[in-house]
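Read the structure below first, then the notes.
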2 protein chains.
Amino acid sequence: MQQKKKAVTIQNVAKTSGVSVSTVSRVLNAKGDVALDTQNKIQDVIEQLGYTSNLAARSMRSRKMNLIGLIMPDIGHPFAIEVMKGVNRAIAESEYDLLVYTTGDVRKFETASHEQKYVSLLNNSITDGVILVAPAAAEFASDAPIVSIDPAVVNPSYPSIHATNYQGAMDAMRYLLGLGHRRIGFISGRPELESSIRRMKGYHDALEQAGLSVDDSLIAAGDYTTETAVICTRSLLALENPPTAIFAANDQSAIGVLQVANEMGLKIPDDLSVVGFDNIPEAAHLNLTTVDQFIAEMAYTATNKLLSLINGDELDEQITKMQTQLVIRGSCRHLVNAA
Amino acid sequence: MQQKKKAVTIQNVAKTSGVSVSTVSRVLNAKGDVALDTQNKIQDVIEQLGYTSNLAARSMRSRKMNLIGLIMPDIGHPFAIEVMKGVNRAIAESEYDLLVYTTGDVRKFETASHEQKYVSLLNNSITDGVILVAPAAAEFASDAPIVSIDPAVVNPSYPSIHATNYQGAMDAMRYLLGLGHRRIGFISGRPELESSIRRMKGYHDALEQAGLSVDDSLIAAGDYTTETAVICTRSLLALENPPTAIFAANDQSAIGVLQVANEMGLKIPDDLSVVGFDNIPEAAHLNLTTVDQFIAEMAYTATNKLLSLINGDELDEQITKMQTQLVIRGSCRHLVNAA
DNA sequence: GTGAAAGCGCTAACAT
DNA sequence: ATGTTAGCGCTTTCAC
């Protein structure tokens, strides 16, 4: 049967131990100025009643919940999973617990207007700080610190961690160019994201540096999803003069390329070279060789940055005003064929 | 620079729009009994000030936050990731948002005493219900409903979803026996968990039904981790009369078996047959053929069960008192060798 | 060393 | 249609 036990409050504890709420509160917060006898008595009652303080009530009165938040639209997504792994590792080493907030779906999340909502939801009430993944807003009203991973805006007012998308894309392209490819297709990411813009620029610049002109027909508008990448790949390969290699702006897109290649019976890399971007191990079952998990690494770094921000003396106004730009090299890899 | 913008409260909105807090509260909760003029004015101010209601304060006064909780010790773990995928899918289809609570580490989580803490933390304050994964306690004091996945206890007072661990283990064993194996090693799971006990029993009973006696030296004490499974496998294979097949109690353990087999140059399944249990796609990069993702499926089912419990009329006392035993068949698979 | 009382931001009667 | 009031469970002065 479903339990009907009502939650135990500090009032119950106080009454049962025959003291006032304030005294109970004192031992709960280890203020130390309570007689040892009373302290023990109260502890016993707490144990016996199974009392646990009400998060909501507590956070209304005091800062410092030893809780950080991670805000993400969709935690089933491989990218999100990598982020969580990184954050998880960092908080496992800390005294903090983690609250991951998600709507389960990007569509329920929507744009910048909603971001503020989720930030205040957590940061102005129950968490000591939040980590934002690819936020679109440049500024947030928040009582507690914010750190972001891969912000979609250029000059955010909060510290951020981001990958060298440009450099990574250049590397990917140089790799393909080094293999002798001259017609390289590109499946772009979501056009509104900085990461996508930078990867696109890397594609452009690498071609130019190699003395090649950019052929717009080789650029397909993707959105970081496998589904769209499938469509993109089909149209790229249906060109009169199709590319001999495809650079996908992220792993999900690369998977789409592989799927189509499979369908069409193309051998990789013999018939088509494919390069992804991100190194998500979830993509591993699709014949990939993972170089490293840099997304998780970014998340790990972000979390530690946030924790130090939370614990950092409030006095040090300078530091909180600094824009932290921690840079981790994005890497790329070549997708090889397997059985 | 880090923003210093203080959080906007309902008071500020009321003052700015020249009305009382209750009126603002009314439009916030769409009570409808507010003049359209006032309504618009207030909406404008809310927009302009960027007001968002304080989660903590709101949840102190009213039930129904449209928020469910998922409590797990470690969200980096493949099992946990599968659970989240399932829950995520369910809430994406719903109007609810999700809050995943984690300590990042099983060691910080500890035993049953802490479980209650996390349950009340969420369920007695901010969530409308929680999903518990493999809880060790049989009962919880909680204001909101609880649904559990794979509880470690036999007769929990809350609804639970669990796999047919016994049947699944039998299937796995029958498969190996069907291949002609007579010496089958078993790497057990964490002995305190029901799932583990049932899988072990399946191992025993399958052998007996096949008219074989149980050789205790073929049973290695694992704990659902790859690391321990590696040690177990080494000792099993070092036996005078080693097994020709190994049934690992979960995928993580199966991965450990594969690692050792690799090290020792053993061909699978020619030299050694290996069967895992769980079907976590994360194990896929290790030459596995995934049958289905039943953990995610369980989590999906659990979430929907919780949601209906939350939305179910309070009147229907009968239903909340029912023990929901939803059963999903655990499946097994044969691990084949690859390159 | 301990209790009484004031509020944190909000919602829900109860008034008007 | 709107304002007033009383708490929700907790922490924190301020008394004693």
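Please note that chains go A, B, ... in the order of the structure tokens, that every chain numbers its residues from 1, and that ligands are numbered from 1 in the order shown.
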Counting only C-alpha atoms (C1' of nucleotides), which residues of chain A sit at most 9 Å from some atom of chain C, and what is each one's closest atom pair with its distance in Å to one decimal, listed by chain and rising residue number, as JSON lines?
```
{"residue": "A:Val19", "atom": "CA", "partner": "C:DT2", "partner_atom": "C1'", "distance": 8.2}
{"residue": "A:Ser20", "atom": "CA", "partner": "C:DG3", "partner_atom": "C1'", "distance": 6.3}
{"residue": "A:Val21", "atom": "CA", "partner": "C:DG3", "partner_atom": "C1'", "distance": 8.6}
{"residue": "A:Ser22", "atom": "CA", "partner": "C:DG3", "partner_atom": "C1'", "distance": 7.5}
{"residue": "A:Thr23", "atom": "CA", "partner": "C:DT2", "partner_atom": "C1'", "distance": 6.7}
{"residue": "A:Asp33", "atom": "CA", "partner": "C:DG1", "partner_atom": "C1'", "distance": 6.9}
{"residue": "A:Val34", "atom": "CA", "partner": "C:DG1", "partner_atom": "C1'", "distance": 5.9}
{"residue": "A:Ala35", "atom": "CA", "partner": "C:DG1", "partner_atom": "C1'", "distance": 6.4}
{"residue": "A:Ala57", "atom": "CA", "partner": "C:DC8", "partner_atom": "C1'", "distance": 8.5}
{"residue": "A:Ser59", "atom": "CA", "partner": "C:DC8", "partner_atom": "C1'", "distance": 8.7}
{"residue": "A:Met60", "atom": "CA", "partner": "C:DC8", "partner_atom": "C1'", "distance": 5.1}
{"residue": "A:Arg61", "atom": "CA", "partner": "C:DC8", "partner_atom": "C1'", "distance": 5.2}
{"residue": "A:Ser62", "atom": "CA", "partner": "C:DC8", "partner_atom": "C1'", "distance": 8.6}
```
I need the residues of region 62-288 of chain B that end up classed as helix (DSSP H, G or I) by DSSP on the backbone, written out as a ChimeraX atom specification. /B:78-92,106-109,112-126,165-178,194-209,216-218,226-237,251-263,281-285
Near chain A, 7 Å: chain D residue rows, closest pairs, only C-alpha atoms (C1' of nucleotides), as JSON lines:
```
{"residue": "D:DG9", "atom": "C1'", "partner": "A:Ala57", "partner_atom": "CA", "distance": 5.0}
{"residue": "D:DC10", "atom": "C1'", "partner": "A:Ala57", "partner_atom": "CA", "distance": 5.1}
{"residue": "D:DT11", "atom": "C1'", "partner": "A:Arg61", "partner_atom": "CA", "distance": 5.6}
```
Could you dump the residues just selected with C-alpha atoms (C1' of nucleotides) as a JSON list (two decimals), in the first residue's frame?
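part_5.json, written as the output of this step:
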```json
[["chain", "number", "residue", "atom", "x", "y", "z"],
["D", 9, "DG", "C1'", 8.67, 25.49, 7.38],
["D", 10, "DC", "C1'", 12.46, 27.40, 8.21],
["D", 11, "DT", "C1'", 16.52, 30.68, 10.01]]
```
Run DSSP on the backbone and tell me which residues of region 88-331 of chain B come out as strand (DSSP E or B); list them as an MDAnalysis selection string. chainID B and resid 97:102 130:133 146:149 160:163 184:187 219:220 245:248 273:275 325:328
Suppose we keep N, CA and C atoms; can you now write the selection as a JSON list (two decimals), in the first residue's frame?
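Saved file result_0.json follows:
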```
[["chain", "number", "residue", "atom", "x", "y", "z"],
["B", 97, "ASP", "N", 8.24, 18.70, -15.95],
["B", 97, "ASP", "CA", 9.66, 18.82, -16.09],
["B", 97, "ASP", "C", 10.30, 17.83, -15.13],
["B", 98, "LEU", "N", 11.57, 17.63, -15.31],
["B", 98, "LEU", "CA", 12.25, 16.62, -14.50],
["B", 98, "LEU", "C", 13.42, 17.21, -13.74],
["B", 99, "LEU", "N", 13.58, 16.74, -12.52],
["B", 99, "LEU", "CA", 14.71, 17.13, -11.69],
["B", 99, "LEU", "C", 15.44, 15.86, -11.30],
["B", 100, "VAL", "N", 16.64, 15.70, -11.79],
["B", 100, "VAL", "CA", 17.41, 14.52, -11.42],
["B", 100, "VAL", "C", 18.32, 14.89, -10.26],
["B", 101, "TYR", "N", 18.18, 14.17, -9.19],
["B", 101, "TYR", "CA", 19.01, 14.47, -8.03],
["B", 101, "TYR", "C", 20.10, 13.44, -7.91],
["B", 102, "THR", "N", 21.32, 13.87, -7.77],
["B", 102, "THR", "CA", 22.41, 12.92, -7.63],
["B", 102, "THR", "C", 23.51, 13.45, -6.74],
["B", 130, "VAL", "N", 8.35, 11.25, -7.02],
["B", 130, "VAL", "CA", 9.73, 10.86, -7.36],
["B", 130, "VAL", "C", 9.81, 9.42, -7.84],
["B", 131, "ILE", "N", 10.85, 9.19, -8.63],
["B", 131, "ILE", "CA", 11.17, 7.84, -9.07],
["B", 131, "ILE", "C", 12.45, 7.43, -8.35],
["B", 132, "LEU", "N", 12.40, 6.28, -7.74],
["B", 132, "LEU", "CA", 13.55, 5.78, -7.00],
["B", 132, "LEU", "C", 14.14, 4.60, -7.74],
["B", 133, "VAL", "N", 15.44, 4.57, -7.84],
["B", 133, "VAL", "CA", 16.07, 3.44, -8.50],
["B", 133, "VAL", "C", 16.68, 2.52, -7.46],
["B", 146, "ILE", "N", 5.48, 7.93, -4.84],
["B", 146, "ILE", "CA", 6.78, 7.36, -5.15],
["B", 146, "ILE", "C", 6.56, 6.15, -6.05],
["B", 147, "VAL", "N", 7.41, 6.02, -7.05],
["B", 147, "VAL", "CA", 7.42, 4.79, -7.84],
["B", 147, "VAL", "C", 8.87, 4.34, -7.90],
["B", 148, "SER", "N", 9.08, 3.06, -7.82],
["B", 148, "SER", "CA", 10.47, 2.63, -7.83],
["B", 148, "SER", "C", 10.76, 1.65, -8.94],
["B", 149, "ILE", "N", 12.02, 1.66, -9.34],
["B", 149, "ILE", "CA", 12.48, 0.73, -10.35],
["B", 149, "ILE", "C", 13.38, -0.27, -9.67],
["B", 160, "SER", "N", 6.08, -0.45, -7.71],
["B", 160, "SER", "CA", 7.42, -0.65, -8.26],
["B", 160, "SER", "C", 7.36, -1.36, -9.61],
["B", 161, "ILE", "N", 8.40, -1.12, -10.37],
["B", 161, "ILE", "CA", 8.53, -1.74, -11.68],
["B", 161, "ILE", "C", 9.78, -2.59, -11.59],
["B", 162, "HIS", "N", 9.70, -3.78, -12.02],
["B", 162, "HIS", "CA", 10.96, -4.54, -12.04],
["B", 162, "HIS", "C", 11.01, -5.58, -13.13],
["B", 163, "ALA", "N", 12.20, -5.95, -13.46],
["B", 163, "ALA", "CA", 12.42, -6.91, -14.53],
["B", 163, "ALA", "C", 12.27, -8.33, -14.00],
["B", 184, "ILE", "N", 29.54, -23.94, -16.72],
["B", 184, "ILE", "CA", 29.22, -22.53, -16.96],
["B", 184, "ILE", "C", 29.55, -21.70, -15.72],
["B", 185, "GLY", "N", 30.44, -20.75, -15.90],
["B", 185, "GLY", "CA", 30.80, -19.87, -14.77],
["B", 185, "GLY", "C", 29.74, -18.79, -14.57],
["B", 186, "PHE", "N", 29.65, -18.30, -13.36],
["B", 186, "PHE", "CA", 28.69, -17.23, -13.07],
["B", 186, "PHE", "C", 29.38, -16.12, -12.29],
["B", 187, "ILE", "N", 29.23, -14.91, -12.78],
["B", 187, "ILE", "CA", 29.75, -13.76, -12.03],
["B", 187, "ILE", "C", 28.53, -13.05, -11.46],
["B", 219, "ILE", "N", 31.24, -20.17, -9.33],
["B", 219, "ILE", "CA", 30.53, -18.95, -9.01],
["B", 219, "ILE", "C", 31.48, -17.92, -8.41],
["B", 220, "ALA", "N", 31.64, -16.81, -9.09],
["B", 220, "ALA", "CA", 32.54, -15.76, -8.61],
["B", 220, "ALA", "C", 31.73, -14.58, -8.10],
["B", 245, "ALA", "N", 31.98, -21.50, -20.60],
["B", 245, "ALA", "CA", 31.08, -20.37, -20.84],
["B", 245, "ALA", "C", 30.95, -19.58, -19.55],
["B", 246, "ILE", "N", 30.68, -18.29, -19.68],
["B", 246, "ILE", "CA", 30.48, -17.47, -18.49],
["B", 246, "ILE", "C", 29.20, -16.66, -18.63],
["B", 247, "PHE", "N", 28.40, -16.73, -17.60],
["B", 247, "PHE", "CA", 27.19, -15.92, -17.55],
["B", 247, "PHE", "C", 27.45, -14.79, -16.55],
["B", 248, "ALA", "N", 27.49, -13.58, -17.07],
["B", 248, "ALA", "CA", 27.76, -12.43, -16.21],
["B", 248, "ALA", "C", 26.42, -11.80, -15.81],
["B", 273, "SER", "N", 32.18, -18.90, -24.34],
["B", 273, "SER", "CA", 30.90, -18.25, -24.59],
["B", 273, "SER", "C", 30.61, -17.28, -23.45],
["B", 274, "VAL", "N", 30.08, -16.14, -23.80],
["B", 274, "VAL", "CA", 29.80, -15.14, -22.77],
["B", 274, "VAL", "C", 28.38, -14.62, -22.95],
["B", 275, "VAL", "N", 27.66, -14.54, -21.86],
["B", 275, "VAL", "CA", 26.33, -13.96, -21.93],
["B", 275, "VAL", "C", 26.23, -12.85, -20.90],
["B", 325, "GLN", "N", 2.78, -4.12, -9.94],
["B", 325, "GLN", "CA", 3.90, -4.98, -10.30],
["B", 325, "GLN", "C", 3.96, -5.09, -11.80],
["B", 326, "LEU", "N", 4.66, -4.19, -12.40],
["B", 326, "LEU", "CA", 4.75, -4.24, -13.84],
["B", 326, "LEU", "C", 5.97, -5.05, -14.22],
["B", 327, "VAL", "N", 5.79, -5.96, -15.08],
["B", 327, "VAL", "CA", 6.87, -6.90, -15.36],
["B", 327, "VAL", "C", 7.33, -6.80, -16.81],
["B", 328, "ILE", "N", 8.59, -6.65, -16.98],
["B", 328, "ILE", "CA", 9.16, -6.61, -18.32],
["B", 328, "ILE", "C", 10.21, -7.71, -18.41]]
```
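Using only C-alpha atoms (C1' of nucleotides), the contacts of Asp44 (chain B) at a cut-off of 12 Å, with sequence neighbours closer than 3 positions omitted, comprise Val13, Ala14, Thr16, Ser17, Val24, Val27, Asp37, Thr38, Gln39, Asn40, Lys41, Glu47, Gln48, Leu49, Gly50 and Tyr51 of chain B.
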Among the residues B:Lys31, B:His114, B:Arg183, B:Lys305, the one that comes closest to Leu239 (chain B) [using only C-alpha atoms]: B:Arg183
